[in-house]
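Engineer: One structure, as structure tokens, below. Some questions next.
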Amino acid sequence: MATILAVDDSPSIRQLVAMTLEGGGHTVKLAENGIGALDIAKECAADLVITDVHMPNMDGITLTSELRGIPEYRYKPILILTTESSPEFKARGKAAGATGWIVKPFDPSALLSLLDKVL
Amino acid sequence: MSDDMDMSEIHDIFYEESYEGLDVMESGLLGLGIGQPDLEIVNNIFRAAHSIKGGAATFGFLPISKFTHGVETLLDQVRAQERIVSEDVIEVLLESVDCIRRMLDMFKAGNVPDEASSIELKQRIDTILALPSGGAMKAASNGEVSEPAELKQWTIQFSPSVDILKTGNEPLRIFNELRALGELKIVSDISKLPDIRTVEADSCYTQWILILDTDAERKRIEEVFDWVSDQADIIIECKESDITNSQAQTTPIAAALELPSSEAESAVAVGASSSNGKNSSSTKESGSIRVSIDKIDALLNLVGELVITQSMLARHADGAVAGSEAQGLKDGLLVLERHTRELQESAMQIRMLPIGASFSRFKRLVRDLSQKTGKKVELKLSGENTELDKTVLEKMSDPLVHLVRNSLDHGIEKPEDRLAAGKPETGTLHLSAYHEGGNIVIQVDDDGAGLNRQRILAKAIEKGIVSPSEQLSDDQINNLIFQAGFSTAEAVSDLSGRGVGMDVVRRNINDLGGRIEVSSREGKGSRFKIRLPLTLAILDGQLVKLGSDVYIFSLLSIVETVLVSPGEVRKVVGNGNVYRLRDDYIPVVRLRDAFKLRCKDSIKTYLERDGELLVVVESDGQRIGLFVDELLDQQQVVIKSLEENYKPVAGLAGATILGDGNVAMIIDVPSLIKTLDIAAITSKIEDFAA
């Protein structure tokens, strides 16, 4: 099972994601914004990153491109979990190097099966 | 995540963060300039709205997410500078904050808000959104015509660009996804593979032809490629379909994984296994945890018990142990005392919250009220970091709202009146909080007209609160506004005078063990000063002796203590006694009579002194004197509820256990005054004084 870094500024969403992923047997690291996520990402090599877009200090898109600049994370799957579903946002995410886009509200079981696909 | 974290707990977290988000939105909106808003503030507001919407959708609070969606769209336009921030926009957004708050309240209470409550506001938002000054909302993408679900063979030419791997996209994953749709055959084309010496490991040179037998629609297949559509040439052809058609079908399609949230809860409840790898993550999270208030109170209660045990030990050690061996014990007890005190202070600290959050609510209130009244008011806040017990803070909210309303309604004058009086057009309302002598003081100052004493007095006489013949000091007249049934508003306005008077304000504050004072200078302004105890669990007590028993007054309720010589107490008609305290006659009562205590030895203590000790206490503006046998120490005592441990007793606020293990009763001055039927005596005082 994988180590997953989940990033969201909302405590409730963070808990829900953590609960879902841990329910799927994964180890979860949590961060509340991009800056915190980068700190954790540098400390431990996560197998996958799931991040929100709108967060204070550093948003998820910036985080994605920052992560892509770290050799360990160049090919790791980075999923964006957000309520944004506009093509513009998706294009920005894609340009930053995101692997996939999950629109909130998300279905926990679908999230898990998606993870199985990308891991 | 531990197993005991269930959905309802996550919901609670969601409520709390959403309320916080609404506060962020509200204070942000209030600080937002018209026309040229600070983008940082707009971003904060937007993020808060966005989080609320996302959370609400995720946890199934659909009316909230639906409503907040419109709010978010409007904020997004402001953020993109497509929408000018007008007074209207701020107003509708502020009302939206209220509306979302109401919906949250309802969900929290276990109800589902009906759409009617938000429909009007939603329409107003939609109207603004439809206005041309902001870019029109993007047209929703048209749904594509779906194809019939029959088994077809699709040929897909998939030619990714060389750097597709660099974006984390793994073709194998795409193939697996296609396999989930049906039977897949893959043909690789490696003709583009360069000479082995120039191969870059992270480049992709392979192209594929995929043959898929599936009953899935074209749309499903396109979705699989959605994410890589701009990094690859993709040609999807159906065997029967027209080839010329296919190129156009490779446009990206929105929403890869939009799923209904109804399944979310059931699925999540099953999850949750133990976590070992989470240790580092929790330290990375914010430096605070949410704990239920019950747990904190249980802890405080235990600490209270410990304080009592410690002082019991100290007392016994003092009396019983002597000799050199005792020194070690005594030293140890001293350390224990210090640690116990520190522990108590830290435990108490847990319940303390800065008053700032509660103050900032007033920005909104002042804004709304000044708009309504046409007055110009600047709100100043100071001491926002002063901390107050959570319960005290919550219970102070209504009284403070009333005082602020009152200042705006009766205190601060209309701009033209202010100018005429030679004052700046804009009035100032200053809310401050600070520590003073072991208490917390909250102060409401305004630079308005001040209290109109003639009018107050006239009103009080009209209402029969005072008799026309009475001579009252300025201070006494000011304090008349706290009398029950008093309201000077000449016309009952929308703001004050809704049946809740200053008497209720004072009662609420008294109930918290606090006091309110007013001072005022005509034409210059008024000041309301509220003194509150630091905490409700501990009381600064004055210990007094009645016979062999110890009783405790709250220090806050004591005005002064005087030595009264025999003969200074006069009898009035009936059973009442009065004492002349400077210019006032106050009713006096023997506390031992009030509690129906009978002790012989007490007479002696009177005679040893030149007089009797009279403790003057005040509650609800009523001063009375209570004779006690002896004044003992002042000390902090831990309040134990009589209701929980025994039953409620009139005149007593609770009990405490003293260092010697004895139980002492804490006197509840307001309730004692009620029980003693002081009103009967006060009515006689008039006759007496006249």
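Residues in the structure tokens are named by chain (A, B, ... in the order shown) and by number from 1 within that chain; ligands are numbered from 1 in the order shown.
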Which neighbours of Gly69 of chain A fall inside 12 Å, counting only C-alpha atoms, when residues of the same chain fewer than 5 positions from it are skipped, and could you give them as a VMD selection string?
Structural biologist: (chain A and resid 38 41 to 42 62 to 64 74 to 76 96 to 97) or (chain B and resid 166 to 167)
Engineer: Output the selection as a short mmCIF file (atom, residue, chain, number, x, y, z; two decimals), in the first residue's frame - all heavy atoms for each residue.
Structural biologist:
```cif
data_model
loop_
_atom_site.label_atom_id
_atom_site.label_comp_id
_atom_site.auth_asym_id
_atom_site.auth_seq_id
_atom_site.Cartn_x
_atom_site.Cartn_y
_atom_site.Cartn_z
N LEU A 38 5.02 20.87 0.69
CA LEU A 38 6.38 20.76 0.17
C LEU A 38 7.34 20.29 1.26
O LEU A 38 8.22 19.47 1.01
CB LEU A 38 6.84 22.11 -0.39
CG LEU A 38 6.38 22.45 -1.81
CD1 LEU A 38 6.89 23.82 -2.21
CD2 LEU A 38 6.83 21.39 -2.80
N ALA A 41 6.74 16.69 1.65
CA ALA A 41 7.15 15.96 0.45
C ALA A 41 8.68 15.79 0.42
O ALA A 41 9.18 14.75 -0.01
CB ALA A 41 6.69 16.72 -0.79
N LYS A 42 9.41 16.82 0.90
CA LYS A 42 10.86 16.73 0.87
C LYS A 42 11.37 15.74 1.92
O LYS A 42 12.42 15.12 1.75
CB LYS A 42 11.48 18.11 1.11
CG LYS A 42 11.39 18.99 -0.14
CD LYS A 42 11.76 20.43 0.17
CE LYS A 42 11.40 21.33 -1.01
NZ LYS A 42 11.29 22.74 -0.59
N THR A 62 0.34 25.73 -7.97
CA THR A 62 1.74 26.07 -7.73
C THR A 62 2.46 24.89 -7.08
O THR A 62 3.59 24.55 -7.46
CB THR A 62 1.84 27.30 -6.80
OG1 THR A 62 0.92 28.28 -7.24
CG2 THR A 62 3.24 27.86 -6.77
N LEU A 63 1.78 24.25 -6.13
CA LEU A 63 2.37 23.08 -5.47
C LEU A 63 2.74 22.03 -6.50
O LEU A 63 3.83 21.45 -6.46
CB LEU A 63 1.39 22.50 -4.44
CG LEU A 63 1.77 21.14 -3.86
CD1 LEU A 63 3.04 21.26 -3.01
CD2 LEU A 63 0.64 20.56 -3.01
N THR A 64 1.82 21.77 -7.44
CA THR A 64 2.07 20.76 -8.45
C THR A 64 3.33 21.08 -9.25
O THR A 64 4.21 20.22 -9.42
CB THR A 64 0.86 20.65 -9.40
OG1 THR A 64 -0.29 20.40 -8.60
CG2 THR A 64 1.04 19.53 -10.39
N ARG A 74 9.08 13.80 -10.02
CA ARG A 74 8.88 14.14 -11.42
C ARG A 74 7.83 13.23 -12.07
O ARG A 74 7.03 13.68 -12.87
CB ARG A 74 10.20 14.05 -12.18
CG ARG A 74 10.07 14.56 -13.60
CD ARG A 74 11.41 14.77 -14.25
NE ARG A 74 12.18 15.81 -13.60
CZ ARG A 74 13.51 15.88 -13.67
NH1 ARG A 74 14.18 14.97 -14.35
NH2 ARG A 74 14.15 16.85 -13.07
N TYR A 75 7.83 11.96 -11.68
CA TYR A 75 6.89 11.03 -12.31
C TYR A 75 5.81 10.52 -11.38
O TYR A 75 5.04 9.65 -11.73
CB TYR A 75 7.66 9.84 -12.90
CG TYR A 75 8.77 10.28 -13.81
CD1 TYR A 75 10.09 9.94 -13.56
CD2 TYR A 75 8.48 11.05 -14.94
CE1 TYR A 75 11.11 10.36 -14.38
CE2 TYR A 75 9.50 11.49 -15.77
CZ TYR A 75 10.81 11.15 -15.49
OH TYR A 75 11.81 11.58 -16.30
N LYS A 76 5.79 11.02 -10.18
CA LYS A 76 4.76 10.54 -9.24
C LYS A 76 3.40 11.10 -9.66
O LYS A 76 3.30 12.23 -10.13
CB LYS A 76 5.08 11.03 -7.81
CG LYS A 76 6.39 10.51 -7.25
CD LYS A 76 6.16 9.22 -6.51
CE LYS A 76 7.47 8.58 -6.06
NZ LYS A 76 8.08 9.28 -4.96
N ALA A 96 0.69 22.60 -15.24
CA ALA A 96 1.58 22.53 -14.08
C ALA A 96 2.10 21.11 -13.87
O ALA A 96 3.04 20.91 -13.10
CB ALA A 96 0.86 23.01 -12.83
N GLY A 97 1.49 20.14 -14.54
CA GLY A 97 1.99 18.77 -14.45
C GLY A 97 1.11 17.81 -13.65
O GLY A 97 1.58 16.75 -13.23
N LYS B 166 6.65 13.04 -18.78
CA LYS B 166 7.15 14.08 -17.86
C LYS B 166 6.03 14.74 -17.08
O LYS B 166 6.26 15.43 -16.10
CB LYS B 166 7.93 15.13 -18.64
CG LYS B 166 9.24 14.59 -19.17
CD LYS B 166 9.94 15.57 -20.07
CE LYS B 166 11.19 14.91 -20.62
NZ LYS B 166 11.69 15.62 -21.79
N THR B 167 4.82 14.61 -17.55
CA THR B 167 3.70 15.20 -16.81
C THR B 167 3.02 14.16 -15.92
O THR B 167 1.94 14.39 -15.41
CB THR B 167 2.66 15.80 -17.76
OG1 THR B 167 2.21 14.75 -18.62
CG2 THR B 167 3.22 16.93 -18.57
#
```
Engineer: Can you pull out the residues contacting segment 17-27 of chain B? Cut-off 6 Å, using only C-alpha atoms, and skip same-chain residues under 5 positions away; I want them as a ChimeraX atom specification.
Structural biologist: /B:45,48,52
Engineer: Smallest atom-to-atom distance to Met58 of chain A: which of A:Ile40, A:Glu32, A:Lys94, A:Ala18, using only C-alpha atoms?
Structural biologist: A:Glu32
Engineer: Please run DSSP on the backbone and report, as a VMD selection string, all residues within chain A that come out as helix (DSSP H, G or I).
Structural biologist: chain A and resid 11 to 23 34 to 43 60 to 68 71 to 73 87 to 96 108 to 118
Engineer: Provide the atom CA of Leu457 of chain B to atom CA of Arg527 of chain B distance in Å, to one decimal place.
Structural biologist: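 Between atom CA of Leu457 of chain B and atom CA of Arg527 of chain B the gap works out to 18.8 Å.
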Engineer: Provide the atom CA of Ser161 of chain B to atom CA of Asp233 of chain B distance in Å, to one decimal place.
Structural biologist: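 Separation of atom CA of Ser161 of chain B and atom CA of Asp233 of chain B: 7.9 Å.
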